[in-house]
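Structure first, then comments.
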Amino acid sequence: MTTQKKLSLDSEFESKPTTFVLNSKSVDDKYFTPSEVETHNSNDDLWLSWLGSVYNLTPLAEAYRGNPLMVPILKNAGKDISHWFDPKTQSIKMHIHPLTGVLCSYTPEGRFLHIPPPLPRADAHEYKNIENNSTFTPWWLDSSYRIGRLSQKTRKVKIINTLTRDEHVIEVCSEEKLSAIQERYLSYNSHAKGYMWKRLCSLLDMSLTLEQNGIKSESEQFDTLGLDEDQWLPALHLYFSDDLTVA
């Protein structure tokens, strides 16, 4: 019986190799909209966001496939789970358990992976040894899963290709630079980098945000006036460049 418990703990807490490594600078420069995160909502494609960051937990889901302690995590796939965390400690919220009077993790949706059981049990000392193991990192503190930041404010822009006369409305992050918006637009036009991007005939600086380029969000004004903002979206005009080396 002791051996079985030991194996169970090992399977829950052993370090699992991740399948990706991202440069921290590129991660900090990458923003995602909540709607983008929502599309990654399955066991085979699992994203979560919390405390302003976005995490790809697909490798975790693969490593612990079938583990019942993954259920609360899978239930929230594609969602923001900031309410699970204490912003000050950046870790799981704690509370005094009503039955034991002991300080433990607050998990109203059920205990999940890497959270010790709240009630005393025979193998409690083994959990304590794991917690004190400096080489073990719970999934919510493992920075290798972090892939970017969650946008705090999204907005829509209309992109008009003056060559083909195509128009597309896309949702973007207010924090991202024009170069990132250009990357988003590549799914509509693979040669987007071969165009000059302008607003009201003025060339836009691709290293700046929309706001920094003078394209301010007017959503609050539209709300005050009771107008549909989607009818008055700022338009970015694309002018074809002869320099095909950047296309």
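Residue numbering restarts at 1 in every chain; chains get A, B, ... in the order shown in the structure tokens, and ligands count up from 1 in that same order.
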DSSP-assigned strand (DSSP E or B) members of range 27-103 of chain A, reported as a ChimeraX atom specification: /A:31-32,41-42,45-50,53-56,80,85-86,91-92,94-96,103
Shell around Arg199 in chain A at 10 Å using only C-alpha atoms, local window under 5 positions removed, as a PyMOL selection string: chain A and resi 159+204+213-215+234-238
Between CA of Leu48 in chain A and CA of Lys75 in chain A - distance in Å to one decimal: 10.7 Å
All residues 12 Å or closer to Tyr188 in chain A, only C-alpha atoms, same chain fewer than 3 positions away omitted, as an MDAnalysis selection string: chainID A and resid 159:161 164 166:170 181:185 191:193
DSSP-assigned alpha helix (DSSP H) members of range 1-229 of chain A, reported as an MDAnalysis selection string: chainID A and resid 2:13 24:29 34:38 58:63 71:75 124:131 178:185 219:225
Given only C-alpha atoms as the counted atoms, nearest of A:Lys88, A:Pro68, A:Arg149, A:Leu99 to Arg111 in chain A: A:Pro68
